[in-house]
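Please read the structure below before turning to the comments.
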Amino acid sequence: MIIKGLLPMSIEHRDDTGARFGMWLFLYTEVILFSGLFILYSVGLAKFPQQFAEASHKLNIYFGTINTLVLLTSSLTIALAITAIQKNKIKLTLNLCFVTIFLAIVFLINKYFEWSAEIGHGIYPGSEHLAEMGPGITAFFNLYYFTAGLHGFHILIGGTLIAVVATLIAKGKVTSDRYTLLENSALYWHLVDLVWIFLFPLYYLIL
Amino acid sequence: MTNEPLKYTGFYSESPRPGILGWLLSTDHKRIGIMYLVCIVTMFLVAMCLGLALRLELIAPGPTIMGPQTYNATFTVHGIIMIFLFIIPSIPAAFGNLVLPIQIGARDVSFPKLNLLSWYCYIIGGILAVISIFAGGGAPDTGWTFYVPFSTQTTTNVNLAVTGALMLGFSSMLTGINFVTTIHRLRAEGMGWGRLPMFVWTLYSTAWIQILATPMLGITLILIVLERVFGAGLFDAARGGDPILYQHLFWIYSHPAVYIMILPGMGVISEIIPTFSRKPLFGYWAMAFSSLAIAFAGSLVWAHHMYASGMSDFAILVFSFLTFIVAIPSAIKVFNWVSTLYKGSIQLAPPMLHALAFIFNFAIGGLGGLALGAAASDIHLHDTTFVVGHFHYTMFGGTGFAFFAALHYWLPKFTGRMYNHKIAVISWGLVFVGFNVTYMAMQAVGVQGMPRRYYDYLPEFMPLNVVSTVGSWVLAIGLVMMFVNLWNGIRRGHPVGKNPWGSATLEWTIPSPPPMENFGEEDPIVTKGPYDYKGVVADEY
């Protein structure tokens, strides 16, 4: 039995602050997710400081630097997209979203070439060649692949999310007076960027 | 018992969609709560049968009904189902969804669609866990803790089970995010923090642990799967890894997780004791802050599971000290419940009996926890059946009884019908006696030195094992009787009014079962506290 019209089912509950609050909580869980890998890194570094430095020098710093620039720029474009939608410039918002997605793809392609080169040298988790280099270097590269891999997976999710939001903007479902979804996607994208800002020095620079 | 149909069927008949889709696609918190409840009780019954089989195997030394591999698989699956599919979601997901929004005067949770997604994550996780028992290389045999190096080497279905646990973790985390946001944003007018029912306070603390700790389980389980797929050696000492680190990562989640399990149970008890003593809860703020204190301190004690792992003595000292600190807020709760009872007008209805049994069992379990938290006695008791007994005293004697109490307390609200009280009391007696016989004997034989997780044992441990197994039969008879009685109550029980128990929280001011949006056209305005019984009258049933 369905009683139609009896209930105010169509009362729309809207709570933008609540939505942002929930997103911040979710971002917190993401930080904890990555922190497990950072704990493993810090223990590994304390155990094998010299081998970690040696392994770090095997990484190609140019790939890392370019990807850092790409990600920082994409964070800028998505932040600009929010300002654009606030000013009701829908066309500009869409273009900025597309630039962000494009930069995400550039990041992943760059990563593909970087990893191909390393795998070509026989450096990948579980490889014989890596095992011969000793435990410290093995630990470094295992963590490098798993952390950067998890981060790359997040890039994929973030890019998809922005693509979905762009579709909703084009359909007029995300507008200048209800853009929390775009804001939350941008927050997620900034987190992905932020994780890389920690990954990059830890694996490429400081050792 | 009566066959008379209910005059008012509330949210059961008011749905935008008809039939089964009205449930599977519903974002209504009550429907989602009922779906959780059905799945959780089903899972409990499955794992209960496995537990009975384990006890039957241990009735005599040597293989009785199963061999070593089957025994290993059985205790692993019993653990995975009971922990991840029953206890963790039992009270927060089922009763949290049913009761929390109504208790704070809201129409639903903050993110209803996310809530439905959490349920689907739970179902997918449950299906994966069940498939892992039957498919491929056989049921996982690692124990529910998935300790390395064994979990990365065994040929059984660990990948599936771990992926299932990952989905369940995701479900639990999303529920946590949803509840914290709901409690912050959707309280009705007049529902200040000082007027929140204690159940809401404990769900709030629980939700924070779910947010803080669950992602750590996520990364740990992901690493197990990656390790099994790539064979990288992340936890292999020869290849730069560290097996002890796995234990740390695992317990950073899994110790706080036992507080995810117990805190909502404490909340249920804090609702029931004042109602059936007809007295305000003693020490409201002490109870509220002790929940937060348990959540906080409980997050800092994980390594007390690892005294025998080769950790440094200093670390053992620190974690032992921190473990003792958790006893303080727990004891505050027990003393406050007892103080609430003092000079109250006590009514021994079925929910109250379960609540009193909770206090009794939890006190024993809690004191046993101190014996394990002290490093010196732990070295003797480590990996004996004392640990198993202690764990069941807190989790089953605690959370399990709180879950039964919640069933007896809130089911009449959400089904509109009352079960038979006489049978409920008899079944409670059987469950209480059977429970204590089973697990007290298990603790005793553990002190004598019987190790856990073996299908076989030395002949001198036999008498207490027989006692324990016989106890498990009494327990099982009581549980079956209880569930049959509740089921008959749901089908044919006497209809109840708004407030059969005379409770003062908001869910008892609306019809049983509640209507679709809980409060009709007008949002409620709260003018009194959750334990202010002045003028509250219990409906006859």
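Letters A, B, ... mark the chains of the structure tokens in the order given; residue numbers begin at 1 per chain; ligand numbers begin at 1, in order shown.
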
- request: Name the residues in contact with Ile137 in chain A at a cut-off of 7 Å, using only C-alpha atoms, excluding same-chain residues fewer than 4 positions from it; report them as a list in words.
  value: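 The residues satisfying every condition are Gln51, Phe52, Ala55, Met133 and Phe141 of chain A.
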
- prompt: Hey, what's within 6 Å of range 310-321 of chain B if we count only C-alpha atoms and toss same-chain stuff fewer than 6 positions away? As JSON, numbers by chain, please?
  reply: {"B": [301, 304, 373, 374]}

Save out the residues we just selected, C-alpha atoms, as an mmCIF file, in the first residue's frame.
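Output (out12.cif):
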```cif
data_model
loop_
_atom_site.group_PDB
_atom_site.id
_atom_site.type_symbol
_atom_site.label_atom_id
_atom_site.label_comp_id
_atom_site.auth_asym_id
_atom_site.auth_seq_id
_atom_site.Cartn_x
_atom_site.Cartn_y
_atom_site.Cartn_z
ATOM 1 C CA VAL B 301 46.656 1.188 23.934
ATOM 2 C CA HIS B 304 48.994 -4.375 24.755
ATOM 3 C CA GLY B 373 46.851 -5.551 30.684
ATOM 4 C CA ALA B 374 49.446 -6.113 33.398
#
```

Residues of chain A near chain B: apply a cut-off of 8 Å, count only C-alpha atoms, and supply the list as a PDB file with N, CA and C atoms, in the first residue's frame.
```pdb
ATOM      1  N   MET A   1       0.848  -1.195   0.000  1.00  0.00           N
ATOM      2  CA  MET A   1       0.000   0.000   0.000  1.00  0.00           C
ATOM      3  C   MET A   1       0.881   1.241   0.000  1.00  0.00           C
ATOM      4  N   ILE A   2       0.603   2.138  -0.917  1.00  0.00           N
ATOM      5  CA  ILE A   2       1.379   3.375  -0.953  1.00  0.00           C
ATOM      6  C   ILE A   2       0.416   4.538  -0.768  1.00  0.00           C
ATOM      7  N   ILE A   3       0.751   5.377   0.162  1.00  0.00           N
ATOM      8  CA  ILE A   3      -0.094   6.558   0.363  1.00  0.00           C
ATOM      9  C   ILE A   3       0.589   7.718  -0.318  1.00  0.00           C
ATOM     10  N   LYS A   4      -0.009   8.180  -1.393  1.00  0.00           N
ATOM     11  CA  LYS A   4       0.620   9.275  -2.134  1.00  0.00           C
ATOM     12  C   LYS A   4       0.069  10.612  -1.656  1.00  0.00           C
ATOM     13  N   LEU A   7       2.416  12.471   2.463  1.00  0.00           N
ATOM     14  CA  LEU A   7       3.642  12.806   3.168  1.00  0.00           C
ATOM     15  C   LEU A   7       4.413  13.894   2.458  1.00  0.00           C
ATOM     16  N   PRO A   8       5.074  14.729   3.217  1.00  0.00           N
ATOM     17  CA  PRO A   8       5.875  15.775   2.578  1.00  0.00           C
ATOM     18  C   PRO A   8       7.206  15.203   2.103  1.00  0.00           C
ATOM     19  N   MET A   9       7.169  14.156   1.266  1.00  0.00           N
ATOM     20  CA  MET A   9       8.408  13.491   0.861  1.00  0.00           C
ATOM     21  C   MET A   9       9.285  14.409   0.028  1.00  0.00           C
ATOM     22  N   GLY A  18      26.722  21.255   6.373  1.00  0.00           N
ATOM     23  CA  GLY A  18      26.792  19.841   6.738  1.00  0.00           C
ATOM     24  C   GLY A  18      27.547  19.040   5.698  1.00  0.00           C
ATOM     25  N   PHE A  21      31.170  19.769   6.032  1.00  0.00           N
ATOM     26  CA  PHE A  21      31.631  19.138   7.290  1.00  0.00           C
ATOM     27  C   PHE A  21      31.907  17.651   7.055  1.00  0.00           C
ATOM     28  N   GLY A  22      30.944  16.975   6.405  1.00  0.00           N
ATOM     29  CA  GLY A  22      31.115  15.556   6.098  1.00  0.00           C
ATOM     30  C   GLY A  22      32.331  15.315   5.228  1.00  0.00           C
ATOM     31  N   LEU A  25      35.535  15.453   7.190  1.00  0.00           N
ATOM     32  CA  LEU A  25      35.724  14.208   7.940  1.00  0.00           C
ATOM     33  C   LEU A  25      36.268  13.124   7.019  1.00  0.00           C
ATOM     34  N   PHE A  26      35.705  13.067   5.798  1.00  0.00           N
ATOM     35  CA  PHE A  26      36.167  12.051   4.861  1.00  0.00           C
ATOM     36  C   PHE A  26      37.633  12.276   4.493  1.00  0.00           C
ATOM     37  N   TYR A  28      39.816  13.542   6.309  1.00  0.00           N
ATOM     38  CA  TYR A  28      40.613  13.111   7.448  1.00  0.00           C
ATOM     39  C   TYR A  28      40.906  11.619   7.358  1.00  0.00           C
ATOM     40  N   THR A  29      39.878  10.840   6.960  1.00  0.00           N
ATOM     41  CA  THR A  29      40.110   9.395   6.852  1.00  0.00           C
ATOM     42  C   THR A  29      41.147   9.096   5.770  1.00  0.00           C
ATOM     43  N   GLU A  30      41.170   9.911   4.719  1.00  0.00           N
ATOM     44  CA  GLU A  30      42.167   9.703   3.664  1.00  0.00           C
ATOM     45  C   GLU A  30      43.580   9.948   4.191  1.00  0.00           C
ATOM     46  N   ILE A  32      44.579   9.487   7.215  1.00  0.00           N
ATOM     47  CA  ILE A  32      44.959   8.332   8.030  1.00  0.00           C
ATOM     48  C   ILE A  32      45.335   7.151   7.140  1.00  0.00           C
ATOM     49  N   LEU A  33      44.598   6.995   6.037  1.00  0.00           N
ATOM     50  CA  LEU A  33      44.896   5.897   5.112  1.00  0.00           C
ATOM     51  C   LEU A  33      46.346   5.986   4.646  1.00  0.00           C
ATOM     52  N   PHE A  34      46.757   7.183   4.203  1.00  0.00           N
ATOM     53  CA  PHE A  34      48.132   7.344   3.732  1.00  0.00           C
ATOM     54  C   PHE A  34      49.127   7.283   4.883  1.00  0.00           C
ATOM     55  N   SER A  35      48.696   7.694   6.087  1.00  0.00           N
ATOM     56  CA  SER A  35      49.648   7.745   7.195  1.00  0.00           C
ATOM     57  C   SER A  35      50.199   6.360   7.516  1.00  0.00           C
ATOM     58  N   GLY A  36      49.407   5.296   7.243  1.00  0.00           N
ATOM     59  CA  GLY A  36      49.928   3.940   7.457  1.00  0.00           C
ATOM     60  C   GLY A  36      51.196   3.732   6.650  1.00  0.00           C
ATOM     61  N   LEU A  37      51.184   4.191   5.383  1.00  0.00           N
ATOM     62  CA  LEU A  37      52.360   4.039   4.530  1.00  0.00           C
ATOM     63  C   LEU A  37      53.495   4.944   4.987  1.00  0.00           C
ATOM     64  N   LEU A  40      55.292   3.208   7.768  1.00  0.00           N
ATOM     65  CA  LEU A  40      56.219   2.198   7.244  1.00  0.00           C
ATOM     66  C   LEU A  40      57.479   2.877   6.709  1.00  0.00           C
ATOM     67  N   GLY A  44      61.232   2.311   8.042  1.00  0.00           N
ATOM     68  CA  GLY A  44      62.246   1.862   7.084  1.00  0.00           C
ATOM     69  C   GLY A  44      63.444   2.796   7.049  1.00  0.00           C
ATOM     70  N   PRO A 125      58.155  -4.332  -7.503  1.00  0.00           N
ATOM     71  CA  PRO A 125      57.948  -5.165  -6.321  1.00  0.00           C
ATOM     72  C   PRO A 125      58.010  -6.643  -6.676  1.00  0.00           C
ATOM     73  N   GLY A 126      58.805  -7.383  -5.924  1.00  0.00           N
ATOM     74  CA  GLY A 126      58.879  -8.826  -6.109  1.00  0.00           C
ATOM     75  C   GLY A 126      59.885  -9.262  -7.163  1.00  0.00           C
ATOM     76  N   SER A 127      60.651  -8.289  -7.752  1.00  0.00           N
ATOM     77  CA  SER A 127      61.580  -8.696  -8.816  1.00  0.00           C
ATOM     78  C   SER A 127      62.863  -9.280  -8.234  1.00  0.00           C
ATOM     79  N   ALA A 131      65.618  -7.830  -5.312  1.00  0.00           N
ATOM     80  CA  ALA A 131      65.990  -8.636  -4.148  1.00  0.00           C
ATOM     81  C   ALA A 131      67.510  -8.686  -4.004  1.00  0.00           C
ATOM     82  N   GLY A 134      69.511  -5.952  -1.930  1.00  0.00           N
ATOM     83  CA  GLY A 134      69.509  -5.942  -0.458  1.00  0.00           C
ATOM     84  C   GLY A 134      68.205  -5.423   0.118  1.00  0.00           C
ATOM     85  N   PRO A 135      68.025  -5.703   1.420  1.00  0.00           N
ATOM     86  CA  PRO A 135      66.737  -5.403   2.053  1.00  0.00           C
ATOM     87  C   PRO A 135      66.374  -3.921   2.084  1.00  0.00           C
ATOM     88  N   GLY A 136      67.355  -3.022   2.333  1.00  0.00           N
ATOM     89  CA  GLY A 136      67.025  -1.600   2.463  1.00  0.00           C
ATOM     90  C   GLY A 136      66.445  -1.036   1.182  1.00  0.00           C
ATOM     91  N   ILE A 137      67.123  -1.333   0.062  1.00  0.00           N
ATOM     92  CA  ILE A 137      66.676  -0.797  -1.230  1.00  0.00           C
ATOM     93  C   ILE A 137      65.346  -1.434  -1.624  1.00  0.00           C
ATOM     94  N   THR A 138      65.198  -2.740  -1.333  1.00  0.00           N
ATOM     95  CA  THR A 138      63.920  -3.402  -1.625  1.00  0.00           C
ATOM     96  C   THR A 138      62.790  -2.717  -0.880  1.00  0.00           C
ATOM     97  N   ALA A 139      63.028  -2.455   0.422  1.00  0.00           N
ATOM     98  CA  ALA A 139      61.973  -1.820   1.223  1.00  0.00           C
ATOM     99  C   ALA A 139      61.603  -0.469   0.640  1.00  0.00           C
ATOM    100  N   ASN A 142      59.593  -0.987  -2.643  1.00  0.00           N
ATOM    101  CA  ASN A 142      58.249  -1.503  -2.357  1.00  0.00           C
ATOM    102  C   ASN A 142      57.337  -0.364  -1.912  1.00  0.00           C
ATOM    103  N   LEU A 143      57.843   0.421  -0.946  1.00  0.00           N
ATOM    104  CA  LEU A 143      57.026   1.519  -0.426  1.00  0.00           C
ATOM    105  C   LEU A 143      56.766   2.564  -1.499  1.00  0.00           C
TER     106      LEU A 143
END
```

task: Give me the residues within 9 Å of Ser345 in chain B as a ChimeraX atom specification, counting only C-alpha atoms and dropping any in the same chain fewer than 5 places off.
output: /B:276-279

- prompt: Using only C-alpha atoms, which of A:Gln86, A:Ala148, A:Asp16, A:Asp193 sits nearest Thr175 in chain A?
  reply: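 Among the listed residues, the smallest separation from Thr175 in chain A belongs to A:Gln86.
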
message: Residues within 8 Å of Leu221 in chain B, please, as an MDAnalysis selection string. Count only C-alpha atoms; anything in the same chain fewer than 6 positions from it doesn't count.
response: chainID B and resid 162:163 165:166

message: Show me, as an MDAnalysis selection string, the residues that have an atom within 9 Å of range 97-112 of chain A when counting only C-alpha atoms, minus same-chain residues fewer than 4 positions from it.
response: chainID A and resid 63:64 66:68 70:71 73:78 81 92:93 116:117 152 155:156 158:160 162:163 165:166

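Excluding range 531-534 of chain B itself and same-chain residues fewer than 2 positions from it, the residues having an atom within 6 Å of it are B:Pro280, B:Ala504, B:Gly529, B:Val536, counting only C-alpha atoms.
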
DSSP alpha helix (DSSP H) residues within range 213-389 of chain B, listed as a ChimeraX atom specification: /B:213-230,243-277,284-298,313-341,350-373,375-381,385-389

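If you measure from each of B:Ala288, B:Glu507, B:Leu430, B:Ser254 to Phe519 in chain B using only C-alpha atoms, the closest one turns out to be B:Glu507.
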
- request: Determine the nearest neighbour of Leu94 in chain A from the options A:Leu69, A:Ala46, A:Val195, A:Ile169, counting only C-alpha atoms.
  value: A:Ile169
